[in-house]
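Chemist: File my_file.cif below, mmCIF, C-alpha atoms:
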```
data_entry
loop_
_atom_site.label_atom_id
_atom_site.label_comp_id
_atom_site.auth_asym_id
_atom_site.auth_seq_id
_atom_site.Cartn_x
_atom_site.Cartn_y
_atom_site.Cartn_z
CA MET L 1 45.77 -38.96 207.26
CA VAL L 2 45.23 -42.64 208.00
CA GLU L 3 42.29 -43.89 210.05
CA GLU L 4 41.93 -47.51 211.08
CA LEU L 5 38.67 -49.35 210.40
CA THR L 6 37.63 -52.13 212.79
CA ASN L 7 34.44 -53.96 213.75
CA ARG L 8 35.07 -53.65 217.48
CA VAL L 9 32.44 -52.26 219.85
CA GLU L 10 33.87 -51.32 223.24
CA ILE L 11 32.04 -51.64 226.58
CA ILE L 12 32.19 -49.88 229.95
CA ASN L 13 33.90 -52.65 231.92
CA GLY L 14 36.74 -55.02 231.16
CA LYS L 15 40.38 -55.74 231.99
CA TYR L 16 41.70 -53.87 228.92
CA LEU L 17 41.61 -50.09 228.61
CA ILE L 18 40.81 -49.17 224.98
CA VAL L 19 42.43 -45.95 223.77
CA GLU L 20 42.22 -43.99 220.51
CA LEU L 21 45.80 -43.17 219.58
CA SER L 22 46.41 -40.16 217.32
CA LYS L 23 50.04 -39.64 216.34
CA ARG L 24 52.51 -38.14 213.94
CA ASN L 25 56.30 -38.71 213.62
CA TRP L 26 56.11 -41.99 215.55
CA ASP L 27 56.01 -45.54 214.28
CA THR L 28 53.84 -47.82 216.38
CA HIS L 29 56.62 -50.08 217.70
CA HIS L 30 58.80 -47.22 218.95
CA LEU L 31 55.83 -45.45 220.53
CA VAL L 32 54.66 -48.57 222.39
CA ARG L 33 58.18 -49.05 223.73
CA GLU L 34 58.23 -45.45 224.96
CA LEU L 35 54.75 -45.78 226.52
CA SER L 36 55.79 -48.95 228.33
CA ARG L 37 58.85 -47.14 229.69
CA ILE L 38 56.82 -44.17 230.96
CA LEU L 39 54.10 -46.36 232.45
CA ARG L 40 56.66 -48.87 233.79
CA VAL L 41 54.83 -51.87 232.36
CA SER L 42 55.73 -54.62 229.90
CA GLN L 43 55.21 -54.06 226.17
CA ASP L 44 53.26 -57.34 226.21
CA ARG L 45 50.39 -55.48 227.88
CA PHE L 46 49.77 -53.44 224.73
CA GLY L 47 47.75 -54.60 221.75
CA TRP L 48 47.17 -53.04 218.35
CA ALA L 49 45.74 -54.16 215.02
CA GLY L 50 48.18 -52.58 212.56
CA THR L 51 51.51 -50.77 212.40
CA LYS L 52 51.08 -47.24 211.05
CA ASP L 53 53.52 -45.13 209.04
CA ARG L 54 55.72 -42.80 211.07
CA ARG L 55 55.34 -39.72 208.87
CA ALA L 56 51.57 -39.75 208.43
CA PHE L 57 48.97 -38.41 210.83
CA THR L 58 47.29 -41.63 211.97
CA LYS L 59 44.41 -42.74 214.16
CA GLN L 60 44.07 -46.22 215.59
CA LYS L 61 42.83 -48.12 218.62
CA ILE L 62 45.22 -49.71 221.09
CA SER L 63 44.50 -51.79 224.19
CA ILE L 64 46.43 -51.74 227.47
CA TRP L 65 45.90 -54.50 230.02
CA ASP L 66 45.18 -53.53 233.63
CA MET L 67 45.44 -49.78 233.06
CA SER L 68 43.23 -46.96 234.33
CA GLU L 69 42.41 -43.69 232.61
CA ASP L 70 44.23 -41.84 235.39
CA ASP L 71 47.43 -43.74 234.59
CA LEU L 72 47.49 -42.14 231.15
CA ALA L 73 47.35 -38.63 232.58
CA ARG L 74 51.10 -38.52 233.19
CA ILE L 75 51.94 -39.18 229.53
CA ARG L 76 53.17 -36.04 227.77
CA LEU L 77 54.66 -36.89 224.38
CA LYS L 78 55.03 -34.58 221.42
CA ASP L 79 52.70 -35.39 218.48
CA VAL L 80 50.84 -38.03 220.52
CA GLU L 81 47.26 -37.91 221.80
CA LEU L 82 45.71 -40.74 223.83
CA THR L 83 41.93 -40.67 224.31
CA PRO L 84 40.29 -43.42 226.42
CA ILE L 85 37.13 -44.63 224.64
CA GLY L 86 36.05 -47.68 226.66
CA ARG L 87 37.10 -51.04 228.01
CA SER L 88 37.05 -54.62 226.80
CA ASN L 89 37.76 -58.17 227.89
CA LYS L 90 39.51 -58.76 224.54
CA LYS L 91 42.94 -57.48 223.54
CA ILE L 92 43.16 -55.59 220.25
CA SER L 93 45.00 -57.70 217.67
CA LEU L 94 45.54 -58.03 213.93
CA GLY L 95 42.26 -59.90 213.46
CA ASP L 96 40.32 -56.78 214.49
CA LEU L 97 41.55 -54.78 211.51
CA TRP L 98 39.25 -54.50 208.48
CA GLY L 99 41.20 -51.86 206.63
CA ASN L 100 42.33 -48.24 206.61
CA ARG L 101 40.87 -45.01 205.23
CA PHE L 102 43.37 -42.62 203.66
CA ILE L 103 43.25 -38.92 202.80
CA ILE L 104 46.44 -37.97 200.96
CA THR L 105 47.51 -34.66 199.40
CA ILE L 106 50.00 -34.59 196.53
CA ARG L 107 51.55 -31.12 196.21
CA ASP L 108 53.95 -29.16 194.01
CA ILE L 109 52.58 -30.56 190.73
CA VAL L 110 53.90 -28.61 187.72
CA LEU L 111 50.85 -29.43 185.53
CA SER L 112 47.92 -27.07 185.11
CA LYS L 113 44.70 -27.99 186.88
CA ASP L 114 43.14 -29.21 183.62
CA GLU L 115 46.19 -31.32 182.71
CA ALA L 116 46.37 -32.81 186.19
CA LEU L 117 42.64 -33.52 186.19
CA GLY L 118 42.90 -35.37 182.88
CA ARG L 119 45.71 -37.57 184.11
CA VAL L 120 44.08 -38.31 187.45
CA LYS L 121 40.82 -39.27 185.73
CA ALA L 122 42.64 -41.64 183.37
CA ILE L 123 44.61 -43.35 186.16
CA THR L 124 41.51 -43.66 188.36
CA GLU L 125 39.72 -45.34 185.47
CA GLU L 126 42.58 -47.84 185.14
CA LEU L 127 42.36 -48.60 188.86
CA LYS L 128 38.73 -49.73 188.59
CA THR L 129 40.07 -53.28 188.34
CA GLY L 130 42.54 -52.71 191.20
CA ALA L 131 46.29 -52.23 191.56
CA PRO L 132 48.99 -54.92 191.92
CA ASP L 133 48.99 -55.76 195.64
CA PHE L 134 52.71 -55.24 196.25
CA PHE L 135 54.06 -54.70 199.75
CA GLY L 136 55.17 -51.08 200.13
CA VAL L 137 58.67 -49.92 200.93
CA GLN L 138 57.67 -49.37 204.58
CA ARG L 139 57.62 -53.15 204.98
CA PHE L 140 61.37 -53.28 204.45
CA GLY L 141 62.47 -49.95 205.92
CA GLU L 142 62.54 -46.67 204.02
CA ASN L 143 65.84 -45.13 205.14
CA ARG L 144 67.35 -48.43 206.22
CA PRO L 145 65.89 -51.29 204.11
CA VAL L 146 67.24 -54.07 206.28
CA THR L 147 64.19 -55.79 207.79
CA HIS L 148 63.86 -58.45 205.07
CA VAL L 149 67.64 -59.00 205.02
CA VAL L 150 67.48 -59.85 208.74
CA GLY L 151 64.55 -62.17 208.00
CA GLU L 152 66.52 -63.94 205.29
CA ALA L 153 69.39 -64.60 207.72
CA ILE L 154 66.93 -65.94 210.30
CA VAL L 155 65.49 -68.38 207.73
CA ARG L 156 69.04 -69.50 206.87
CA GLY L 157 69.48 -70.29 210.57
CA ASP L 158 72.26 -67.73 211.03
CA LEU L 159 70.95 -65.80 214.01
CA LYS L 160 74.35 -64.18 214.62
CA ASP L 161 74.38 -62.67 211.14
CA ALA L 162 70.73 -61.65 211.56
CA ALA L 163 71.40 -59.85 214.86
CA LEU L 164 74.58 -58.12 213.67
CA THR L 165 72.88 -57.04 210.44
CA TYR L 166 70.09 -55.38 212.39
CA ILE L 167 72.34 -53.85 215.03
CA ALA L 168 75.31 -52.76 212.98
CA ARG L 169 74.82 -52.66 209.21
CA PRO L 170 75.00 -48.98 208.18
CA PHE L 171 73.03 -47.39 205.34
CA PRO L 172 73.87 -44.18 203.46
CA ASP L 173 70.55 -42.47 204.21
CA GLU L 174 71.25 -42.56 207.95
CA THR L 175 72.99 -39.68 209.70
CA GLU L 176 76.78 -39.69 209.73
CA VAL L 177 76.80 -40.19 213.50
CA ILE L 178 74.67 -43.34 213.24
CA GLN L 179 76.64 -44.68 210.28
CA LYS L 180 79.92 -44.31 212.18
CA ALA L 181 78.47 -45.95 215.30
CA ARG L 182 77.15 -48.91 213.36
CA LYS L 183 80.38 -49.29 211.38
CA TYR L 184 82.39 -49.36 214.62
CA VAL L 185 80.30 -52.18 216.09
CA GLN L 186 80.24 -53.98 212.73
CA ASP L 187 84.06 -53.93 212.59
CA THR L 188 84.83 -54.59 216.25
CA GLY L 189 81.86 -56.46 217.73
CA ASP L 190 82.36 -54.30 220.83
CA PHE L 191 78.84 -53.89 222.20
CA LYS L 192 79.93 -52.14 225.41
CA ALA L 193 81.62 -49.36 223.46
CA GLY L 194 78.70 -49.40 221.05
CA LEU L 195 76.26 -48.50 223.82
CA LYS L 196 78.32 -45.39 224.55
CA ILE L 197 78.09 -44.08 220.99
CA TYR L 198 74.68 -45.35 219.78
CA PRO L 199 72.04 -42.58 220.02
CA LEU L 200 69.41 -43.28 222.68
CA ARG L 201 66.68 -43.29 220.03
CA LEU L 202 68.07 -46.55 218.63
CA GLN L 203 66.22 -48.31 221.41
CA PHE L 204 65.87 -51.71 219.78
CA GLU L 205 69.53 -52.02 218.80
CA ARG L 206 70.58 -50.92 222.30
CA ALA L 207 68.26 -53.50 223.89
CA MET L 208 69.83 -56.25 221.79
CA MET L 209 73.37 -55.11 222.62
CA ASN L 210 72.57 -54.96 226.34
CA HIS L 211 71.40 -58.57 226.16
CA LEU L 212 74.52 -59.68 224.28
CA ILE L 213 76.77 -58.00 226.85
CA ALA L 214 75.04 -59.94 229.63
CA HIS L 215 74.66 -63.15 227.58
CA PRO L 216 77.47 -63.38 224.98
CA ASP L 217 76.58 -65.28 221.80
CA ASP L 218 72.90 -65.65 222.78
CA TYR L 219 71.67 -64.15 219.52
CA ALA L 220 68.23 -65.73 219.77
CA GLY L 221 67.89 -64.12 223.20
CA SER L 222 68.91 -60.75 221.79
CA PHE L 223 65.91 -60.87 219.46
CA ARG L 224 63.71 -61.81 222.39
CA ALA L 225 64.66 -58.48 223.97
CA LEU L 226 62.34 -57.02 221.33
CA SER L 227 58.55 -57.18 221.35
CA PRO L 228 56.97 -60.36 219.89
CA ASN L 229 55.42 -58.30 217.07
CA LEU L 230 58.79 -56.88 216.06
CA GLN L 231 60.45 -60.30 216.20
CA LYS L 232 57.89 -61.63 213.73
CA MET L 233 58.21 -58.60 211.48
CA PHE L 234 61.65 -59.70 210.25
CA LEU L 235 60.32 -63.01 208.97
CA HIS L 236 57.21 -61.35 207.54
CA ALA L 237 59.34 -58.81 205.69
CA TYR L 238 61.32 -61.59 204.01
CA GLN L 239 58.09 -63.32 203.01
CA SER L 240 56.89 -59.98 201.60
CA TYR L 241 60.11 -59.54 199.62
CA ILE L 242 59.65 -62.97 198.01
CA PHE L 243 55.97 -62.23 197.31
CA ASN L 244 56.85 -58.98 195.51
CA ILE L 245 59.31 -60.85 193.27
CA ILE L 246 56.73 -63.55 192.45
CA LEU L 247 54.07 -60.95 191.61
CA SER L 248 56.55 -58.98 189.47
CA ARG L 249 57.42 -62.16 187.56
CA ARG L 250 53.74 -62.88 186.89
CA ILE L 251 53.22 -59.40 185.46
CA ALA L 252 56.45 -59.63 183.42
CA ALA L 253 55.25 -62.93 181.96
CA GLY L 254 52.17 -61.14 180.58
CA MET L 255 49.77 -62.87 182.98
CA SER L 256 46.82 -60.80 184.17
CA ILE L 257 46.27 -60.06 187.84
CA ASN L 258 42.51 -59.88 187.18
CA GLU L 259 42.14 -63.25 185.50
CA ALA L 260 42.70 -66.78 186.77
CA TYR L 261 44.63 -69.41 184.83
CA VAL L 262 44.55 -73.15 185.30
CA GLY L 263 46.76 -73.93 188.29
CA ASP L 264 46.15 -70.63 190.08
CA VAL L 265 44.91 -70.57 193.68
CA VAL L 266 42.07 -68.14 194.41
CA CYS L 267 40.42 -66.88 197.57
CA PHE L 268 36.89 -65.56 198.06
CA LYS L 269 35.25 -62.51 199.57
CA ASN L 270 34.03 -62.93 203.15
CA GLU L 271 30.82 -61.73 204.80
CA VAL L 272 32.21 -58.22 205.37
CA GLY L 273 33.34 -57.85 201.77
CA MET L 274 37.08 -58.47 202.24
CA PRO L 275 39.30 -61.12 200.58
CA ASP L 276 39.48 -64.16 202.88
CA THR L 277 42.67 -66.17 202.28
CA SER L 278 41.48 -68.91 204.63
CA ARG L 279 39.03 -69.93 201.87
CA LEU L 280 41.17 -71.18 198.99
CA GLN L 281 40.47 -73.14 195.81
CA LYS L 282 42.65 -74.43 192.98
CA VAL L 283 41.65 -73.38 189.46
CA THR L 284 41.02 -76.29 187.09
CA GLU L 285 39.75 -76.71 183.54
CA ASP L 286 36.36 -77.56 185.02
CA ASN L 287 35.89 -74.50 187.27
CA ILE L 288 37.91 -71.78 185.51
CA ASP L 289 34.94 -70.13 183.78
CA GLY L 290 32.94 -69.90 187.00
CA ILE L 291 35.90 -68.58 188.98
CA ASN L 292 36.71 -65.91 186.38
CA ASN L 293 33.08 -64.84 186.50
CA LEU L 294 33.44 -64.41 190.28
CA ILE L 295 36.67 -62.45 189.75
CA LYS L 296 34.90 -60.04 187.37
CA ARG L 297 32.24 -59.51 190.06
CA GLU L 298 35.01 -58.94 192.65
CA ARG L 299 33.92 -61.95 194.65
CA ALA L 300 37.09 -63.97 194.08
CA PHE L 301 40.77 -63.02 193.86
CA VAL L 302 43.90 -64.69 192.49
CA THR L 303 46.55 -65.23 195.19
CA ALA L 304 50.31 -65.74 195.44
CA PRO L 305 52.18 -67.36 198.34
CA LEU L 306 53.76 -65.83 201.40
CA ILE L 307 56.33 -68.61 201.62
CA GLY L 308 56.55 -70.74 204.76
CA TYR L 309 57.43 -74.29 205.78
CA ASP L 310 54.03 -75.63 204.64
CA THR L 311 53.37 -73.46 201.58
CA GLN L 312 50.58 -74.43 199.20
CA PHE L 313 52.11 -73.77 195.78
CA SER L 314 50.15 -73.07 192.63
CA GLU L 315 50.30 -75.34 189.62
CA GLY L 316 50.64 -74.55 185.93
CA SER L 317 52.48 -71.40 184.80
CA MET L 318 52.10 -69.66 188.15
CA GLY L 319 53.45 -72.68 189.99
CA GLU L 320 56.53 -72.64 187.77
CA ILE L 321 57.11 -68.95 188.57
CA GLU L 322 56.80 -69.56 192.32
CA LYS L 323 59.17 -72.52 192.31
CA ASP L 324 61.69 -70.77 190.04
CA VAL L 325 61.88 -67.84 192.48
CA ILE L 326 62.39 -70.22 195.43
CA LYS L 327 65.19 -71.96 193.51
CA GLU L 328 66.88 -68.71 192.42
CA LEU L 329 66.87 -67.35 195.99
CA ASN L 330 68.15 -70.72 197.28
CA ILE L 331 65.39 -70.92 199.89
CA ASP L 332 64.94 -74.00 202.06
CA THR L 333 61.34 -73.67 203.21
CA GLU L 334 62.13 -75.77 206.30
CA GLY L 335 64.06 -72.70 207.51
CA PHE L 336 60.74 -71.00 208.24
CA LYS L 337 60.37 -73.37 211.20
CA VAL L 338 63.23 -71.34 212.81
CA PRO L 339 64.55 -74.00 215.24
CA GLY L 340 66.40 -71.35 217.27
CA MET L 341 63.25 -69.22 217.67
CA PRO L 342 60.27 -71.55 217.08
CA GLU L 343 57.86 -68.95 218.44
CA ILE L 344 58.19 -66.93 215.22
CA ALA L 345 57.92 -69.91 212.84
CA SER L 346 55.59 -69.45 209.85
CA LYS L 347 53.85 -72.20 207.91
CA GLY L 348 53.04 -69.70 205.16
CA LEU L 349 49.77 -68.48 203.69
CA ARG L 350 48.40 -66.90 200.53
CA ARG L 351 47.80 -63.21 199.71
CA GLU L 352 45.57 -61.76 197.00
CA ILE L 353 47.56 -60.20 194.13
CA VAL L 354 44.99 -57.46 193.41
CA LEU L 355 44.52 -54.48 195.72
CA PRO L 356 40.88 -53.36 195.32
CA VAL L 357 40.65 -49.57 195.45
CA LYS L 358 38.09 -46.98 194.41
CA PRO L 359 39.80 -43.58 194.81
CA GLU L 360 37.92 -40.30 194.95
CA PHE L 361 39.86 -37.18 194.02
CA SER L 362 39.86 -33.42 193.75
CA VAL L 363 42.27 -31.18 191.86
CA MET L 364 42.92 -27.56 192.87
CA GLU L 365 45.55 -24.86 193.23
CA ASP L 366 48.34 -25.61 195.70
CA GLU L 367 48.11 -22.90 198.34
CA VAL L 368 51.53 -23.90 199.73
CA ASN L 369 53.37 -23.78 196.39
CA ILE L 370 52.00 -20.79 194.48
CA GLY L 371 51.49 -21.42 190.79
CA LYS L 372 51.48 -25.20 191.26
CA THR L 373 48.65 -27.74 191.48
CA LYS L 374 47.67 -30.21 194.19
CA VAL L 375 45.63 -33.41 194.12
CA VAL L 376 43.74 -34.80 197.13
CA LEU L 377 43.02 -38.55 197.04
CA GLU L 378 40.62 -40.38 199.35
CA PHE L 379 40.30 -44.17 199.41
CA THR L 380 39.88 -47.19 201.65
CA LEU L 381 42.12 -50.27 201.50
CA PRO L 382 41.69 -53.70 203.09
CA LYS L 383 44.13 -54.65 205.84
CA GLY L 384 47.60 -55.32 204.51
CA GLY L 385 47.12 -52.93 201.60
CA TYR L 386 49.70 -50.16 201.10
CA ALA L 387 48.69 -46.64 200.12
CA THR L 388 52.15 -46.16 198.62
CA VAL L 389 51.27 -48.79 196.02
CA VAL L 390 48.20 -46.78 194.97
CA LEU L 391 50.20 -43.50 194.98
CA ARG L 392 52.82 -45.13 192.76
CA GLU L 393 50.17 -45.58 190.05
CA TYR L 394 49.46 -41.83 190.12
CA MET L 395 52.98 -40.53 190.57
CA LYS L 396 55.25 -42.84 188.54
CA GLY L 397 56.84 -41.46 185.39
#
```
Starting from the coordinates I provided, produce the structure as structure tokens.
Modeler:
Amino acid sequence: MVEELTNRVEIINGKYLIVELSKRNWDTHHLVRELSRILRVSQDRFGWAGTKDRRAFTKQKISIWDMSEDDLARIRLKDVELTPIGRSNKKISLGDLWGNRFIITIRDIVLSKDEALGRVKAITEELKTGAPDFFGVQRFGENRPVTHVVGEAIVRGDLKDAALTYIARPFPDETEVIQKARKYVQDTGDFKAGLKIYPLRLQFERAMMNHLIAHPDDYAGSFRALSPNLQKMFLHAYQSYIFNIILSRRIAAGMSINEAYVGDVVCFKNEVGMPDTSRLQKVTEDNIDGINNLIKRERAFVTAPLIGYDTQFSEGSMGEIEKDVIKELNIDTEGFKVPGMPEIASKGLRREIVLPVKPEFSVMEDEVNIGKTKVVLEFTLPKGGYATVVLREYMKG
């Protein structure tokens, strides 16, 4: 279970209807597209603070502009519950998200309860200083890890390759029907025939193909057939991919994620107790002792870059790692201006490399798998933190 945490207080009146969305087996983008179809309104009228995993049971707030409670009554979707909770004059957006609370059950564990308890205690103790703040696999696509590949093509300025990669590149974990449909379009470029064989649930690919049939070679326009949030996700996924490599290189070099070195860039905790990457400071010989004292007190955090056209690079050893990765991947940071789609351009920012987490746990018999053990973990993560990263620490070999 995932429950969103925000600081919003809704009112009685306002132009936006605020709804608590409970769902399972839907990712947020696909659900919003389906809701806009049923309600016959633009996707731009919806607002949400975070994209939630498809497989989890999730709760979050969404806003819908110029919508009444009665309008929602005609929505009947499996595994979806919409509960109006108020109104507002402000759309829900990413800035409203503080974090997420997770309750996760790990089942079918072959260890005894005592063995499992010992391991969980030891790992939880290690996590007192936090976990590496990697982006989880959901950022790139679990069954079809293509989102960052599309983003890379966009940064290279090859919007045709980006669009065809998203529409037509098949992956082995997809169904045979979908693989064959994608392969056909990949080989032939025949979008009209592709629409006849692409399953209806591939809504985004079909929307892009429809645009390209009406406007041949307008690959930028084909991306604009998608929601603004989804358009930006491709670029963000590529930035996340680069970030993960940079963080991996830091760890491989034997550098701590809980200690600053000269040349690092750190951020500070804000008034609500979350890392604030708008408040940055370079680490120097003069301030390193004070900054490391703040890091020990969890009031400051080392950061790494989410690369953009105006990235602030570190100096020292960390700066060398960042620049080496950029060179190895042959990245021209000017590409993040995206001349063909300037609305999704990204100047870049920094992200903390430590994911603060304080898990609580219980270990008991698994009632679903007789003779096995289960572990229930409960924890809260700041926005942008991935529960899969925390689970990896418990479940990796």
Chemist: Would you be able to write out as a list in words which residues have an atom within 9 Å of (72.4, -44.4, 212.4) in the file's coordinates, counting all atoms listed in the file?
Modeler: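 Final list of nearby residues, as requested, is Arg144, Ala168, Pro170, Phe171, Asp173, Glu174, Thr175, Glu176, Val177, Ile178, Gln179, Lys180, Ala181, Arg182, Tyr198, Pro199 and Leu202 of chain L.
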Chemist: Do you know which residues are at most 7 Å from Val80 in chain L counting all atoms listed in the file, after dropping those on the same chain fewer than 5 positions away, and could you put them as number ranges by chain?
Modeler: L: 22-24
Chemist: On this structure, the PyMOL selection byres ((chain L and resi 358) around 10) would catch which residues? List them as number ranges by chain, sorted by chain and number.
Modeler: L: 124-125, 127-130, 355-357, 359-361, 378-381
Chemist: Determine the nearest neighbour of Asp161 in chain L from the options L:Gly189, L:Pro275, L:Gly14, L:Gly136, counting only C-alpha atoms.
Modeler: L:Gly189
Chemist: Give as a ChimeraX atom specification the residues that the PyMOL selection byres ((chain L and resi 229-244) around 8) matches when applied to the coordinates above.
Modeler: /L:29,134-135,139-140,147-152,154-155,223-224,226-228,245-248,304-308,325,344
Chemist: Here is a test: counting all atoms listed in the file, which residue of L:Gly254, L:Thr373, L:Glu142, L:Lys383 is nearest to Pro172 in chain L?
Modeler: L:Glu142
Chemist: When you count all atoms listed in the file, which of these residues is closest to Glu3 in chain L: L:Ile104, L:Leu72, L:Val376, L:Ile64?
Modeler: L:Ile104
Chemist: For range 294-296 of chain L, find every residue with an atom within 7 Å (counting all atoms listed in the file), except residues of its own chain fewer than 5 positions away, and show them as a list in words.
Modeler: Asn258, Glu259 and Phe301 of chain L
Chemist: Which residues, protein or nucleic acid, reach to within 9 Å of (54.7, -24.7, 186.4) in the file's coordinates when using only C-alpha atoms, and can you give that as a list in words?
Modeler: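 Output: Asp108, Ile109, Val110, Leu111, Ser112, Gly371, Lys372 and Thr373 of chain L.
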Chemist: Can you measure CA of Leu349 in chain L to CA of Gly384 in chain L for me? One decimal in Å is fine.
Modeler: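 These atoms are spaced 13.4 Å apart.
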Chemist: Do a neighbour search on Val389 in chain L at 9 Å with all atoms listed in the file, toss out local chain neighbours closer than 2 positions, and write the hits as a PyMOL selection string.
Modeler: chain L and resi 131-137+355+385-387+391-393
Chemist: To box range 344-361 of chain L, take all atoms listed in the file, fit an axis-aligned box, add 5 Å on each side, and give centre and edge lengths in Å to one decimal, as AutoDock Vina command-line options.
Modeler:
```
--center_x 48.1 --center_y -54.7 --center_z 204.3 --size_x 30.3 --size_y 45.0 --size_z 31.8
```
Chemist: Given the PyMOL selection byres ((chain L and resi 99) around 6) and the file above, list the residues it selects as number ranges by chain.
Modeler: L: 5, 97-98, 100, 381-383
Chemist: When you draw a straight line from CA of Ala252 in chain L to CA of Gly290 in chain L, how long is it in Å?
Modeler: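 If I compute the distance from CA of Ala252 in chain L to CA of Gly290 in chain L, I get 25.9 Å.
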Chemist: List as a PyMOL selection string the protein and nucleic acid residues near Gly194 in chain L, meaning an atom at most 10 Å away when only C-alpha atoms are counted, but skip any in the same chain fewer than 6 places from it.
Modeler: chain L and resi 167-168+181-186+188+205-206+209-210
Chemist: Measure the distance from CA of Leu21 in chain L to CA of Glu34 in chain L in Å and round it to one decimal.
Modeler: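 Going from CA of Leu21 in chain L over to CA of Glu34 in chain L covers 13.7 Å.
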Chemist: Mind checking which residues fall within 6 Å of Tyr309 in chain L, counting all atoms listed in the file, ignoring those fewer than 3 positions away in the same chain, and posting them as an NGL selection string?
Modeler: :L and (333-334 or 336 or 347)
Chemist: Go ahead and dump the residues you just picked, C-alpha atoms, as a compact mmCIF listing (two decimals), in the coordinates of the input.
Modeler:
```txt
# COMPACT_ATOMS: atom_id res chain seq x y z
CA THR L 333 61.34 -73.67 203.21
CA GLU L 334 62.13 -75.77 206.30
CA PHE L 336 60.74 -71.00 208.24
CA LYS L 347 53.85 -72.20 207.91
```
Chemist: From the options L:Glu69, L:Glu352, L:Asp27, L:Asp158, which residue's atoms come nearest to Ser278 in chain L, counting only C-alpha atoms?
Modeler: L:Glu352
